[in-house]
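Undergrad: My structure is below; once you've seen it, I'll send some questions.
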Amino acid sequence: MSSEAPPSIPPSAGRVSNLPPPSSPPSFVQVWGTRTLRFVEHMGDVSILTWRALRSVVKRPFEIRSTVYQIDSLGVRSLGIVAVTSIFIGMVMTIQFAYGLQRFGGIEYIPRVIVLAFMRELGPTLTAVIVGGRIGSGMAAEVGAMNVTEQVDAIRALGGDPAKKLVLPRVAAAMIVMPFLSIFADSLGTLGAMFVANVEYGIAPRLFMQTALESVRLSDLFSGLAKTPIFGFIIAIVGCHFGMTTVGGTEGVGQSTTRTVVVISIAILVADYFLTRIFVNFLPP
């Protein structure tokens, strides 16, 4: 009986392969377990950074000059995008509500619905999402560039606290400017809605404002403005967190910027739900 191998099977070279066997893909539980652990780590880092920033509020020197600079950078330079966004949102919402209310003969309710929606929801939330993407990504890019170029380490080496020098001025400035940007968005959104209502549906500006003011209360305005400092805090602390944890050079800065925009948008919408639920319970109509 012949002991030769079939011609289709190559003869053994007498060497054993040292390559490890291919690893199996992670299971569904492992993937979500890793993501959950990463989320918990991020939340812990954000909590520590928040505590360090709050603890440094009473420490001298007070970063007043840096805070004023951040107010100008975050607030004044965001007026253009807030103006364009709020005006066209007011105009679009007027057309949409008019399209629906015309079916029921309720065209006179347009001013009430538009102004109430802007005061309670559209003004603060959309402003936070749009402006948050701009200023949050700017914070992540600026602080991230300082981190990868070891400027943050230099602040520590000189005895400074990065949470006080970099984080606190940005958090304070964002919490200060967001209410003003929200009021600015409410005003221009109302003007845009008033313009469309007058041109396309024959509602005079005086009648528009009179009808709107009959339905809108101060509690509606306060319930919207009360959200804005919290949104400002979320924007600043998330941007600074991803900036402080940036690694990998310029590529890492780009990744941190992208993550910041995504996380800020989701966090603002989630926080908006819980804040709205709280304000509806404590400020009933």
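Chains: A, B, ... in order of the structure tokens. Residues: from 1 per chain. Ligands: from 1, in order shown.
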Can you list every residue of stretch 146-209 of chain A that has an atom at most 10 Å from stretch 103-115 of chain A, with its nearest atom pair and the distance in Å to one decimal, using only C-alpha atoms, ordered by chain then number, as JSON lines?

TA:
{"residue": "A:Asp186", "atom": "CA", "partner": "A:Val115", "partner_atom": "CA", "distance": 7.9}
{"residue": "A:Ser187", "atom": "CA", "partner": "A:Val115", "partner_atom": "CA", "distance": 9.3}
{"residue": "A:Gly189", "atom": "CA", "partner": "A:Val115", "partner_atom": "CA", "distance": 8.4}
{"residue": "A:Thr190", "atom": "CA", "partner": "A:Val115", "partner_atom": "CA", "distance": 6.3}
{"residue": "A:Leu191", "atom": "CA", "partner": "A:Val115", "partner_atom": "CA", "distance": 9.9}
{"residue": "A:Ala193", "atom": "CA", "partner": "A:Ile114", "partner_atom": "CA", "distance": 7.3}
{"residue": "A:Met194", "atom": "CA", "partner": "A:Pro111", "partner_atom": "CA", "distance": 7.7}
{"residue": "A:Ala197", "atom": "CA", "partner": "A:Ile110", "partner_atom": "CA", "distance": 8.0}
{"residue": "A:Tyr201", "atom": "CA", "partner": "A:Ile107", "partner_atom": "CA", "distance": 8.2}
{"residue": "A:Ile203", "atom": "CA", "partner": "A:Glu108", "partner_atom": "CA", "distance": 8.0}
{"residue": "A:Pro205", "atom": "CA", "partner": "A:Pro111", "partner_atom": "CA", "distance": 9.7}
{"residue": "A:Leu207", "atom": "CA", "partner": "A:Pro111", "partner_atom": "CA", "distance": 8.8}
{"residue": "A:Phe208", "atom": "CA", "partner": "A:Pro111", "partner_atom": "CA", "distance": 5.5}
{"residue": "A:Met209", "atom": "CA", "partner": "A:Pro111", "partner_atom": "CA", "distance": 7.2}

Undergrad: What are the closest atom pairs, with distances in Å to one decimal, for each residue of stretch 5-113 of chain A lying within 8 Å of stretch 168-176 of chain A, using only C-alpha atoms, rows by chain and rising residue number, as a Markdown table?

TA:
| residue | atom | partner | partner_atom | distance |
| --- | --- | --- | --- | --- |
| A:Ala53 | CA | A:Leu168 | CA | 5.4 |
| A:Leu54 | CA | A:Leu168 | CA | 7.6 |
| A:Ser56 | CA | A:Leu168 | CA | 7.8 |
| A:Val57 | CA | A:Leu168 | CA | 7.5 |
| A:Glu63 | CA | A:Pro169 | CA | 6.5 |
| A:Ile64 | CA | A:Pro169 | CA | 7.7 |
| A:Ser66 | CA | A:Pro169 | CA | 6.1 |
| A:Thr67 | CA | A:Pro169 | CA | 4.5 |
| A:Val68 | CA | A:Ala173 | CA | 7.3 |
| A:Gln70 | CA | A:Ala173 | CA | 5.8 |
| A:Ile71 | CA | A:Ala173 | CA | 4.9 |
| A:Leu74 | CA | A:Ala174 | CA | 6.8 |
| A:Gly75 | CA | A:Ala174 | CA | 7.7 |

Undergrad: Could you dump the residues just selected with N, CA, C and O atoms as a PDB file, in the first residue's frame?

TA:
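As written to disk, result.pdb reads:
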ATOM      1  N   ALA A  53     -13.742  72.366  38.615  1.00  0.00           N
ATOM      2  CA  ALA A  53     -14.064  73.727  38.179  1.00  0.00           C
ATOM      3  C   ALA A  53     -14.851  74.476  39.248  1.00  0.00           C
ATOM      4  O   ALA A  53     -14.582  75.656  39.519  1.00  0.00           O
ATOM      5  N   LEU A  54     -15.825  73.820  39.872  1.00  0.00           N
ATOM      6  CA  LEU A  54     -16.616  74.470  40.923  1.00  0.00           C
ATOM      7  C   LEU A  54     -15.757  74.781  42.150  1.00  0.00           C
ATOM      8  O   LEU A  54     -15.942  75.822  42.792  1.00  0.00           O
ATOM      9  N   SER A  56     -12.706  75.599  42.158  1.00  0.00           N
ATOM     10  CA  SER A  56     -11.768  76.691  41.885  1.00  0.00           C
ATOM     11  C   SER A  56     -12.449  78.050  41.759  1.00  0.00           C
ATOM     12  O   SER A  56     -11.767  79.042  41.501  1.00  0.00           O
ATOM     13  N   VAL A  57     -13.786  78.106  41.924  1.00  0.00           N
ATOM     14  CA  VAL A  57     -14.488  79.380  41.765  1.00  0.00           C
ATOM     15  C   VAL A  57     -14.023  80.390  42.809  1.00  0.00           C
ATOM     16  O   VAL A  57     -13.830  81.581  42.511  1.00  0.00           O
ATOM     17  N   GLU A  63     -10.534  84.689  37.239  1.00  0.00           N
ATOM     18  CA  GLU A  63     -10.256  84.760  35.797  1.00  0.00           C
ATOM     19  C   GLU A  63     -11.289  85.652  35.106  1.00  0.00           C
ATOM     20  O   GLU A  63     -12.020  85.220  34.208  1.00  0.00           O
ATOM     21  N   ILE A  64     -11.349  86.919  35.502  1.00  0.00           N
ATOM     22  CA  ILE A  64     -12.359  87.827  34.953  1.00  0.00           C
ATOM     23  C   ILE A  64     -12.036  88.190  33.508  1.00  0.00           C
ATOM     24  O   ILE A  64     -12.900  88.188  32.629  1.00  0.00           O
ATOM     25  N   SER A  66     -10.265  86.542  31.308  1.00  0.00           N
ATOM     26  CA  SER A  66     -10.484  85.394  30.433  1.00  0.00           C
ATOM     27  C   SER A  66     -11.971  85.112  30.237  1.00  0.00           C
ATOM     28  O   SER A  66     -12.401  84.742  29.137  1.00  0.00           O
ATOM     29  N   THR A  67     -12.771  85.309  31.285  1.00  0.00           N
ATOM     30  CA  THR A  67     -14.217  85.089  31.172  1.00  0.00           C
ATOM     31  C   THR A  67     -14.854  86.094  30.217  1.00  0.00           C
ATOM     32  O   THR A  67     -15.713  85.740  29.402  1.00  0.00           O
ATOM     33  N   VAL A  68     -14.438  87.365  30.311  1.00  0.00           N
ATOM     34  CA  VAL A  68     -14.970  88.386  29.410  1.00  0.00           C
ATOM     35  C   VAL A  68     -14.593  88.069  27.964  1.00  0.00           C
ATOM     36  O   VAL A  68     -15.408  88.229  27.039  1.00  0.00           O
ATOM     37  N   GLN A  70     -14.104  85.114  26.734  1.00  0.00           N
ATOM     38  CA  GLN A  70     -14.930  83.990  26.306  1.00  0.00           C
ATOM     39  C   GLN A  70     -16.370  84.416  26.046  1.00  0.00           C
ATOM     40  O   GLN A  70     -17.024  83.890  25.147  1.00  0.00           O
ATOM     41  N   ILE A  71     -16.878  85.386  26.810  1.00  0.00           N
ATOM     42  CA  ILE A  71     -18.221  85.903  26.550  1.00  0.00           C
ATOM     43  C   ILE A  71     -18.292  86.526  25.163  1.00  0.00           C
ATOM     44  O   ILE A  71     -19.255  86.326  24.417  1.00  0.00           O
ATOM     45  N   LEU A  74     -17.910  83.522  22.595  1.00  0.00           N
ATOM     46  CA  LEU A  74     -19.027  82.589  22.531  1.00  0.00           C
ATOM     47  C   LEU A  74     -20.349  83.277  22.230  1.00  0.00           C
ATOM     48  O   LEU A  74     -21.200  82.712  21.545  1.00  0.00           O
ATOM     49  N   GLY A  75     -20.547  84.485  22.752  1.00  0.00           N
ATOM     50  CA  GLY A  75     -21.836  85.136  22.629  1.00  0.00           C
ATOM     51  C   GLY A  75     -21.932  86.103  21.472  1.00  0.00           C
ATOM     52  O   GLY A  75     -22.779  85.949  20.581  1.00  0.00           O
TER      53      GLY A  75
END

Undergrad: Enter the distance from atom CA of A:Ile230 to atom CA of A:Ile268, in Å, rounded to one decimal.

TA: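 Separating atom CA of A:Ile230 from atom CA of A:Ile268 is a distance of 8.9 Å.
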
Undergrad: Closest to A:Cys240 among A:Asn281, A:Ser73, A:Ser265, A:Thr257, using only C-alpha atoms?

TA: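 Residue with the minimum atom-to-atom distance to A:Cys240: A:Thr257.
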
Undergrad: Residues within 12 Å of A:Ala128, please, as a CSV table (one decimal) with all heavy atoms, in the first residue's frame. Count only C-alpha atoms; anything in the same chain fewer than 4 positions from it doesn't count.

TA:
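Output below, filename part30.csv:
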chain,number,residue,atom,x,y,z
A,74,LEU,N,-17.9,83.5,22.6
A,74,LEU,CA,-19.0,82.6,22.5
A,74,LEU,C,-20.3,83.3,22.2
A,74,LEU,O,-21.2,82.7,21.5
A,74,LEU,CB,-19.1,81.8,23.9
A,74,LEU,CG,-17.9,81.1,24.3
A,74,LEU,CD1,-18.2,80.4,25.7
A,74,LEU,CD2,-17.4,80.1,23.3
A,75,GLY,N,-20.5,84.5,22.8
A,75,GLY,CA,-21.8,85.1,22.6
A,75,GLY,C,-21.9,86.1,21.5
A,75,GLY,O,-22.8,85.9,20.6
A,78,SER,N,-21.6,84.7,18.0
A,78,SER,CA,-22.7,83.8,17.6
A,78,SER,C,-24.0,84.5,17.3
A,78,SER,O,-24.9,83.8,16.9
A,78,SER,CB,-22.9,82.8,18.8
A,78,SER,OG,-21.8,82.1,19.1
A,81,ILE,N,-25.3,83.7,13.4
A,81,ILE,CA,-25.9,82.4,13.2
A,81,ILE,C,-27.2,82.3,13.9
A,81,ILE,O,-28.2,81.7,13.4
A,81,ILE,CB,-24.9,81.2,13.5
A,81,ILE,CG1,-25.5,79.9,13.1
A,81,ILE,CG2,-24.6,81.2,15.0
A,81,ILE,CD1,-24.6,78.7,13.3
A,82,VAL,N,-27.3,82.9,15.1
A,82,VAL,CA,-28.6,82.8,15.8
A,82,VAL,C,-29.7,83.6,15.1
A,82,VAL,O,-30.8,83.2,15.0
A,82,VAL,CB,-28.4,83.3,17.3
A,82,VAL,CG1,-29.8,83.5,18.0
A,82,VAL,CG2,-27.5,82.4,18.0
A,85,THR,N,-30.8,81.8,11.8
A,85,THR,CA,-31.5,80.6,12.2
A,85,THR,C,-32.9,80.9,12.7
A,85,THR,O,-33.9,80.3,12.3
A,85,THR,CB,-30.7,79.7,13.2
A,85,THR,OG1,-29.4,79.5,12.7
A,85,THR,CG2,-31.5,78.4,13.5
A,86,SER,N,-33.0,81.8,13.7
A,86,SER,CA,-34.3,82.1,14.3
A,86,SER,C,-35.3,82.7,13.4
A,86,SER,O,-36.5,82.4,13.4
A,86,SER,CB,-34.0,82.9,15.6
A,86,SER,OG,-33.4,84.1,15.2
A,121,GLU,N,-40.0,76.5,23.8
A,121,GLU,CA,-39.2,75.4,23.3
A,121,GLU,C,-38.2,75.8,22.2
A,121,GLU,O,-37.0,75.6,22.3
A,121,GLU,CB,-40.1,74.3,22.8
A,121,GLU,CG,-39.4,73.0,22.6
A,121,GLU,CD,-38.8,72.4,23.9
A,121,GLU,OE1,-39.5,72.6,24.9
A,121,GLU,OE2,-37.8,71.8,23.8
A,122,LEU,N,-38.7,76.4,21.1
A,122,LEU,CA,-37.9,76.6,19.9
A,122,LEU,C,-36.7,77.6,20.2
A,122,LEU,O,-35.6,77.3,19.8
A,122,LEU,CB,-38.7,77.2,18.8
A,122,LEU,CG,-39.8,76.2,18.2
A,122,LEU,CD1,-40.6,77.0,17.1
A,122,LEU,CD2,-39.1,75.0,17.7
A,123,GLY,N,-37.0,78.7,20.9
A,123,GLY,CA,-35.9,79.6,21.2
A,123,GLY,C,-34.8,79.0,22.0
A,123,GLY,O,-33.6,79.0,21.5
A,124,PRO,N,-35.0,78.5,23.2
A,124,PRO,CA,-33.9,78.0,24.0
A,124,PRO,C,-33.2,76.7,23.4
A,124,PRO,O,-32.0,76.6,23.4
A,124,PRO,CB,-34.5,77.8,25.4
A,124,PRO,CG,-35.9,77.7,25.1
A,124,PRO,CD,-36.2,78.5,24.0
A,132,GLY,N,-24.5,75.5,20.3
A,132,GLY,CA,-23.7,74.5,21.0
A,132,GLY,C,-22.7,73.7,20.1
A,132,GLY,O,-21.6,73.5,20.4
A,133,GLY,N,-23.2,73.4,18.9
A,133,GLY,CA,-22.3,72.8,17.9
A,133,GLY,C,-21.1,73.7,17.5
A,133,GLY,O,-20.0,73.2,17.3
A,134,ARG,N,-21.4,75.0,17.4
A,134,ARG,CA,-20.3,75.9,17.1
A,134,ARG,C,-19.3,76.1,18.2
A,134,ARG,O,-18.1,75.9,18.0
A,134,ARG,CB,-20.9,77.3,16.7
A,134,ARG,CG,-19.9,78.3,16.4
A,134,ARG,CD,-20.5,79.7,16.3
A,134,ARG,NE,-19.4,80.7,16.1
A,134,ARG,CZ,-18.8,81.3,17.2
A,134,ARG,NH1,-19.1,80.9,18.4
A,134,ARG,NH2,-17.9,82.1,17.0
A,135,ILE,N,-19.8,76.5,19.4
A,135,ILE,CA,-18.9,76.9,20.4
A,135,ILE,C,-18.4,75.7,21.1
A,135,ILE,O,-17.2,75.7,21.6
A,135,ILE,CB,-19.6,77.8,21.5
A,135,ILE,CG1,-20.8,77.1,22.2
A,135,ILE,CG2,-20.1,79.1,20.8
A,135,ILE,CD1,-21.5,78.0,23.2
A,136,GLY,N,-19.1,74.6,21.2
A,136,GLY,CA,-18.6,73.4,21.8
A,136,GLY,C,-17.4,72.8,21.0
A,136,GLY,O,-16.4,72.4,21.5
A,174,ALA,N,-20.4,80.5,29.0
A,174,ALA,CA,-21.5,79.9,28.3
A,174,ALA,C,-22.8,80.0,29.1
A,174,ALA,O,-23.9,80.2,28.5
A,174,ALA,CB,-21.1,78.4,28.0
A,175,MET,N,-22.7,79.8,30.4
A,175,MET,CA,-23.9,80.0,31.2
A,175,MET,C,-24.4,81.4,31.2
A,175,MET,O,-25.7,81.6,31.4
A,175,MET,CB,-23.6,79.5,32.6
A,175,MET,CG,-23.3,78.0,32.7
A,175,MET,SD,-22.9,77.5,34.4
A,175,MET,CE,-24.6,77.6,35.2
A,177,VAL,N,-24.1,83.7,28.6
A,177,VAL,CA,-24.5,84.2,27.3
A,177,VAL,C,-25.7,83.5,26.7
A,177,VAL,O,-26.5,84.0,25.9
A,177,VAL,CB,-23.4,84.1,26.2
A,177,VAL,CG1,-22.2,84.9,26.7
A,177,VAL,CG2,-23.0,82.6,25.9
A,178,MET,N,-26.0,82.2,27.2
A,178,MET,CA,-27.1,81.5,26.6
A,178,MET,C,-28.4,82.1,26.8
A,178,MET,O,-29.3,82.1,25.9
A,178,MET,CB,-27.0,80.0,27.1
A,178,MET,CG,-26.0,79.2,26.5
A,178,MET,SD,-26.0,79.1,24.7
A,178,MET,CE,-27.6,78.4,24.4
A,179,PRO,N,-28.8,82.6,28.0
A,179,PRO,CA,-30.1,83.3,28.2
A,179,PRO,C,-30.2,84.5,27.2
A,179,PRO,O,-31.3,84.7,26.7
A,179,PRO,CB,-30.1,83.8,29.7
A,179,PRO,CG,-29.1,82.8,30.3
A,179,PRO,CD,-28.1,82.5,29.3
A,180,PHE,N,-29.2,85.3,27.0
A,180,PHE,CA,-29.3,86.4,26.1
A,180,PHE,C,-29.5,86.0,24.7
A,180,PHE,O,-30.2,86.6,23.9
A,180,PHE,CB,-28.1,87.3,26.3
A,180,PHE,CG,-27.9,88.0,27.6
A,180,PHE,CD1,-27.1,87.4,28.6
A,180,PHE,CD2,-28.7,89.1,27.9
A,180,PHE,CE1,-27.0,88.0,29.8
A,180,PHE,CE2,-28.6,89.7,29.2
A,180,PHE,CZ,-27.7,89.1,30.1
A,181,LEU,N,-28.8,84.9,24.3
A,181,LEU,CA,-28.9,84.4,22.9
A,181,LEU,C,-30.4,83.9,22.8
A,181,LEU,O,-30.9,84.0,21.7
A,181,LEU,CB,-27.9,83.3,22.7
A,181,LEU,CG,-26.5,83.8,22.5
A,181,LEU,CD1,-25.6,82.6,22.3
A,181,LEU,CD2,-26.3,84.8,21.4
A,182,SER,N,-30.9,83.3,23.8
A,182,SER,CA,-32.3,82.8,23.7
A,182,SER,C,-33.3,83.9,23.5
A,182,SER,O,-34.2,83.8,22.7
A,182,SER,CB,-32.6,81.9,24.9
A,182,SER,OG,-33.9,81.4,24.9
A,183,ILE,N,-33.1,85.0,24.3
A,183,ILE,CA,-34.0,86.1,24.2
A,183,ILE,C,-33.9,86.7,22.8
A,183,ILE,O,-34.9,87.1,22.1
A,183,ILE,CB,-33.7,87.2,25.2
A,183,ILE,CG1,-34.1,86.6,26.6
A,183,ILE,CG2,-34.5,88.4,25.0
A,183,ILE,CD1,-33.7,87.5,27.8
A,185,ALA,N,-33.0,85.1,20.1
A,185,ALA,CA,-33.7,84.2,19.1
A,185,ALA,C,-35.2,84.3,19.2
A,185,ALA,O,-35.9,84.3,18.2
A,185,ALA,CB,-33.2,82.8,19.4
A,224,GLY,N,-38.7,78.8,29.6
A,224,GLY,CA,-37.7,78.6,28.5
A,224,GLY,C,-36.3,79.1,28.9
A,224,GLY,O,-35.3,78.5,28.6
A,225,LEU,N,-36.3,80.3,29.5
A,225,LEU,CA,-35.0,80.9,29.9
A,225,LEU,C,-34.3,80.1,31.0
A,225,LEU,O,-33.1,80.1,31.1
A,225,LEU,CB,-35.2,82.3,30.4
A,225,LEU,CG,-35.6,83.3,29.3
A,225,LEU,CD1,-35.8,84.7,29.9
A,225,LEU,CD2,-34.6,83.4,28.2
A,227,LYS,N,-33.9,77.0,31.2
A,227,LYS,CA,-33.2,75.9,30.7
A,227,LYS,C,-31.8,76.3,30.2
A,227,LYS,O,-30.9,75.5,30.1
A,227,LYS,CB,-33.9,75.3,29.5
A,227,LYS,CG,-35.3,74.7,29.8
A,227,LYS,CD,-36.0,74.2,28.5
A,227,LYS,CE,-37.4,73.8,28.8
A,227,LYS,NZ,-38.1,73.3,27.5
A,228,THR,N,-31.7,77.6,29.7
A,228,THR,CA,-30.5,78.0,29.0
A,228,THR,C,-29.2,78.0,29.8
A,228,THR,O,-28.2,77.6,29.2
A,228,THR,CB,-30.7,79.4,28.4
A,228,THR,OG1,-31.1,80.3,29.5
A,228,THR,CG2,-31.8,79.4,27.4
A,229,PRO,N,-29.2,78.3,31.1
A,229,PRO,CA,-27.9,78.2,31.8
A,229,PRO,C,-27.4,76.7,31.9
A,229,PRO,O,-26.2,76.4,31.8
A,229,PRO,CB,-28.2,78.8,33.2
A,229,PRO,CG,-29.3,79.7,33.0
A,229,PRO,CD,-30.2,79.0,31.9
A,230,ILE,N,-28.4,75.8,32.0
A,230,ILE,CA,-28.1,74.4,32.1
A,230,ILE,C,-27.5,73.9,30.7
A,230,ILE,O,-26.6,73.2,30.6
A,230,ILE,CB,-29.3,73.6,32.5
A,230,ILE,CG1,-29.7,74.0,33.9
A,230,ILE,CG2,-29.0,72.1,32.5
A,230,ILE,CD1,-31.0,73.4,34.4
A,231,PHE,N,-28.2,74.4,29.7
A,231,PHE,CA,-27.6,74.1,28.3
A,231,PHE,C,-26.2,74.6,28.1
A,231,PHE,O,-25.4,74.0,27.6
A,231,PHE,CB,-28.6,74.6,27.3
A,231,PHE,CG,-29.9,74.0,27.2
A,231,PHE,CD1,-31.0,74.6,26.6
A,231,PHE,CD2,-30.1,72.7,27.7
A,231,PHE,CE1,-32.2,74.0,26.5
A,231,PHE,CE2,-31.4,72.1,27.6
A,231,PHE,CZ,-32.4,72.7,27.0
A,232,GLY,N,-26.0,75.8,28.6
A,232,GLY,CA,-24.7,76.4,28.5
A,232,GLY,C,-23.6,75.6,29.3
A,232,GLY,O,-22.5,75.4,28.8
A,233,PHE,N,-24.0,75.2,30.4
A,233,PHE,CA,-23.1,74.3,31.2
A,233,PHE,C,-22.8,73.0,30.5
A,233,PHE,O,-21.6,72.6,30.4
A,233,PHE,CB,-23.7,74.0,32.6
A,233,PHE,CG,-23.0,73.0,33.4
A,233,PHE,CD1,-21.8,73.4,34.1
A,233,PHE,CD2,-23.4,71.7,33.4
A,233,PHE,CE1,-21.1,72.5,34.8
A,233,PHE,CE2,-22.7,70.8,34.2
A,233,PHE,CZ,-21.5,71.1,34.9
A,234,ILE,N,-23.8,72.4,29.9
A,234,ILE,CA,-23.6,71.1,29.2
A,234,ILE,C,-22.6,71.4,28.0
A,234,ILE,O,-21.7,70.6,27.8
A,234,ILE,CB,-24.9,70.6,28.7
A,234,ILE,CG1,-25.7,70.1,29.9
A,234,ILE,CG2,-24.7,69.4,27.7
A,234,ILE,CD1,-27.1,69.6,29.6
A,235,ILE,N,-22.9,72.4,27.3
A,235,ILE,CA,-22.0,72.7,26.1
A,235,ILE,C,-20.6,72.9,26.5
A,235,ILE,O,-19.7,72.3,25.9
A,235,ILE,CB,-22.6,74.0,25.4
A,235,ILE,CG1,-23.9,73.7,24.8
A,235,ILE,CG2,-21.6,74.5,24.3
A,235,ILE,CD1,-24.6,75.0,24.3
A,236,ALA,N,-20.3,73.7,27.5
A,236,ALA,CA,-19.0,74.1,27.9
A,236,ALA,C,-18.3,72.9,28.5
A,236,ALA,O,-17.1,72.6,28.2
A,236,ALA,CB,-19.0,75.2,28.9
A,261,VAL,N,-19.6,67.6,19.1
A,261,VAL,CA,-20.8,68.1,18.4
A,261,VAL,C,-22.0,67.0,18.6
A,261,VAL,O,-23.1,67.4,18.9
A,261,VAL,CB,-20.6,68.3,16.9
A,261,VAL,CG1,-21.9,68.7,16.2
A,261,VAL,CG2,-19.6,69.4,16.7
A,264,ILE,N,-23.0,66.8,22.5
A,264,ILE,CA,-23.7,68.0,22.9
A,264,ILE,C,-25.1,68.0,22.4
A,264,ILE,O,-26.1,68.3,23.1
A,264,ILE,CB,-23.0,69.3,22.4
A,264,ILE,CG1,-21.7,69.5,23.3
A,264,ILE,CG2,-23.9,70.5,22.5
A,264,ILE,CD1,-20.9,70.7,22.8
A,265,SER,N,-25.3,67.7,21.1
A,265,SER,CA,-26.7,67.7,20.5
A,265,SER,C,-27.6,66.7,21.3
A,265,SER,O,-28.7,67.0,21.6
A,265,SER,CB,-26.6,67.3,19.0
A,265,SER,OG,-25.8,68.3,18.4
A,266,ILE,N,-27.1,65.5,21.5
A,266,ILE,CA,-27.9,64.5,22.2
A,266,ILE,C,-28.1,64.9,23.6
A,266,ILE,O,-29.2,64.7,24.2
A,266,ILE,CB,-27.2,63.1,22.1
A,266,ILE,CG1,-27.1,62.6,20.7
A,266,ILE,CG2,-27.9,62.1,23.0
A,266,ILE,CD1,-26.3,61.4,20.5
A,267,ALA,N,-27.1,65.4,24.3
A,267,ALA,CA,-27.2,65.7,25.7
A,267,ALA,C,-28.2,66.9,25.9
A,267,ALA,O,-29.0,66.9,26.9
A,267,ALA,CB,-25.9,66.1,26.3
A,268,ILE,N,-28.2,67.8,25.0
A,268,ILE,CA,-29.2,68.9,25.1
A,268,ILE,C,-30.6,68.5,25.0
A,268,ILE,O,-31.5,68.8,25.7
A,268,ILE,CB,-28.8,70.0,24.1
A,268,ILE,CG1,-27.6,70.8,24.6
A,268,ILE,CG2,-30.0,71.0,24.0
A,268,ILE,CD1,-27.1,71.8,23.6
A,269,LEU,N,-30.9,67.6,24.0
A,269,LEU,CA,-32.2,67.1,23.8
A,269,LEU,C,-32.7,66.2,24.9
A,269,LEU,O,-33.9,66.3,25.3
A,269,LEU,CB,-32.3,66.3,22.4
A,269,LEU,CG,-32.0,67.1,21.2
A,269,LEU,CD1,-32.0,66.2,19.9
A,269,LEU,CD2,-33.0,68.3,21.0
A,271,ALA,N,-31.6,66.4,28.1
A,271,ALA,CA,-31.8,67.3,29.2
A,271,ALA,C,-33.1,68.2,29.0
A,271,ALA,O,-33.8,68.5,30.0
A,271,ALA,CB,-30.6,68.3,29.4
A,272,ASP,N,-33.4,68.5,27.8
A,272,ASP,CA,-34.6,69.3,27.5
A,272,ASP,C,-35.8,68.6,27.9
A,272,ASP,O,-36.8,69.2,28.4
A,272,ASP,CB,-34.6,69.7,26.0
A,272,ASP,CG,-35.8,70.5,25.7
A,272,ASP,OD1,-36.0,71.5,26.3
A,272,ASP,OD2,-36.5,70.1,24.7

Undergrad: Need the shell around A:Thr245: protein/DNA/RNA residues with any atom at most 8 Å away, counting only C-alpha atoms. Skip same-chain ones fewer than 2 positions apart. Format as a PDB file with N, CA and C atoms, in the first residue's frame?

TA:
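selection13.pdb was written with the following content:
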ATOM      1  N   GLY A 144      -8.126  70.949  22.966  1.00  0.00           N
ATOM      2  CA  GLY A 144      -7.454  69.751  22.482  1.00  0.00           C
ATOM      3  C   GLY A 144      -6.105  70.056  21.859  1.00  0.00           C
ATOM      4  N   ASN A 147      -3.746  70.576  24.559  1.00  0.00           N
ATOM      5  CA  ASN A 147      -3.397  69.340  25.255  1.00  0.00           C
ATOM      6  C   ASN A 147      -2.362  68.536  24.483  1.00  0.00           C
ATOM      7  N   HIS A 241     -14.231  68.759  28.287  1.00  0.00           N
ATOM      8  CA  HIS A 241     -13.877  67.377  28.618  1.00  0.00           C
ATOM      9  C   HIS A 241     -13.203  66.682  27.439  1.00  0.00           C
ATOM     10  N   PHE A 242     -13.809  66.772  26.263  1.00  0.00           N
ATOM     11  CA  PHE A 242     -13.204  66.123  25.100  1.00  0.00           C
ATOM     12  C   PHE A 242     -11.910  66.813  24.683  1.00  0.00           C
ATOM     13  N   GLY A 243     -11.814  68.109  24.941  1.00  0.00           N
ATOM     14  CA  GLY A 243     -10.545  68.769  24.674  1.00  0.00           C
ATOM     15  C   GLY A 243      -9.439  68.317  25.611  1.00  0.00           C
ATOM     16  N   VAL A 247      -5.954  63.007  22.472  1.00  0.00           N
ATOM     17  CA  VAL A 247      -4.630  62.422  22.247  1.00  0.00           C
ATOM     18  C   VAL A 247      -4.503  62.128  20.754  1.00  0.00           C
TER      19      VAL A 247
END

Undergrad: May I ask for the distance between atom CA of A:Met139 and atom CA of A:Thr260, given in Å to one decimal place?

TA: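 The value is 9.1 Å.
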
Undergrad: Atom CA of A:Thr125 and atom CA of A:Val216 are how many Å apart?

TA: 18.1 Å

Undergrad: Using only C-alpha atoms, which of A:Leu79, A:Met146, A:Arg52, A:Gln210 sits nearest A:Lys164?

TA: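 Closest candidate: A:Arg52.
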
Undergrad: For a quick check of understanding, using only C-alpha atoms, which of A:Leu116, A:Val58, A:Ala83, A:Ala204 has the smallest distance to A:Leu221?

TA: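 Looking at the shortest contact to A:Leu221, the residue is A:Leu116.
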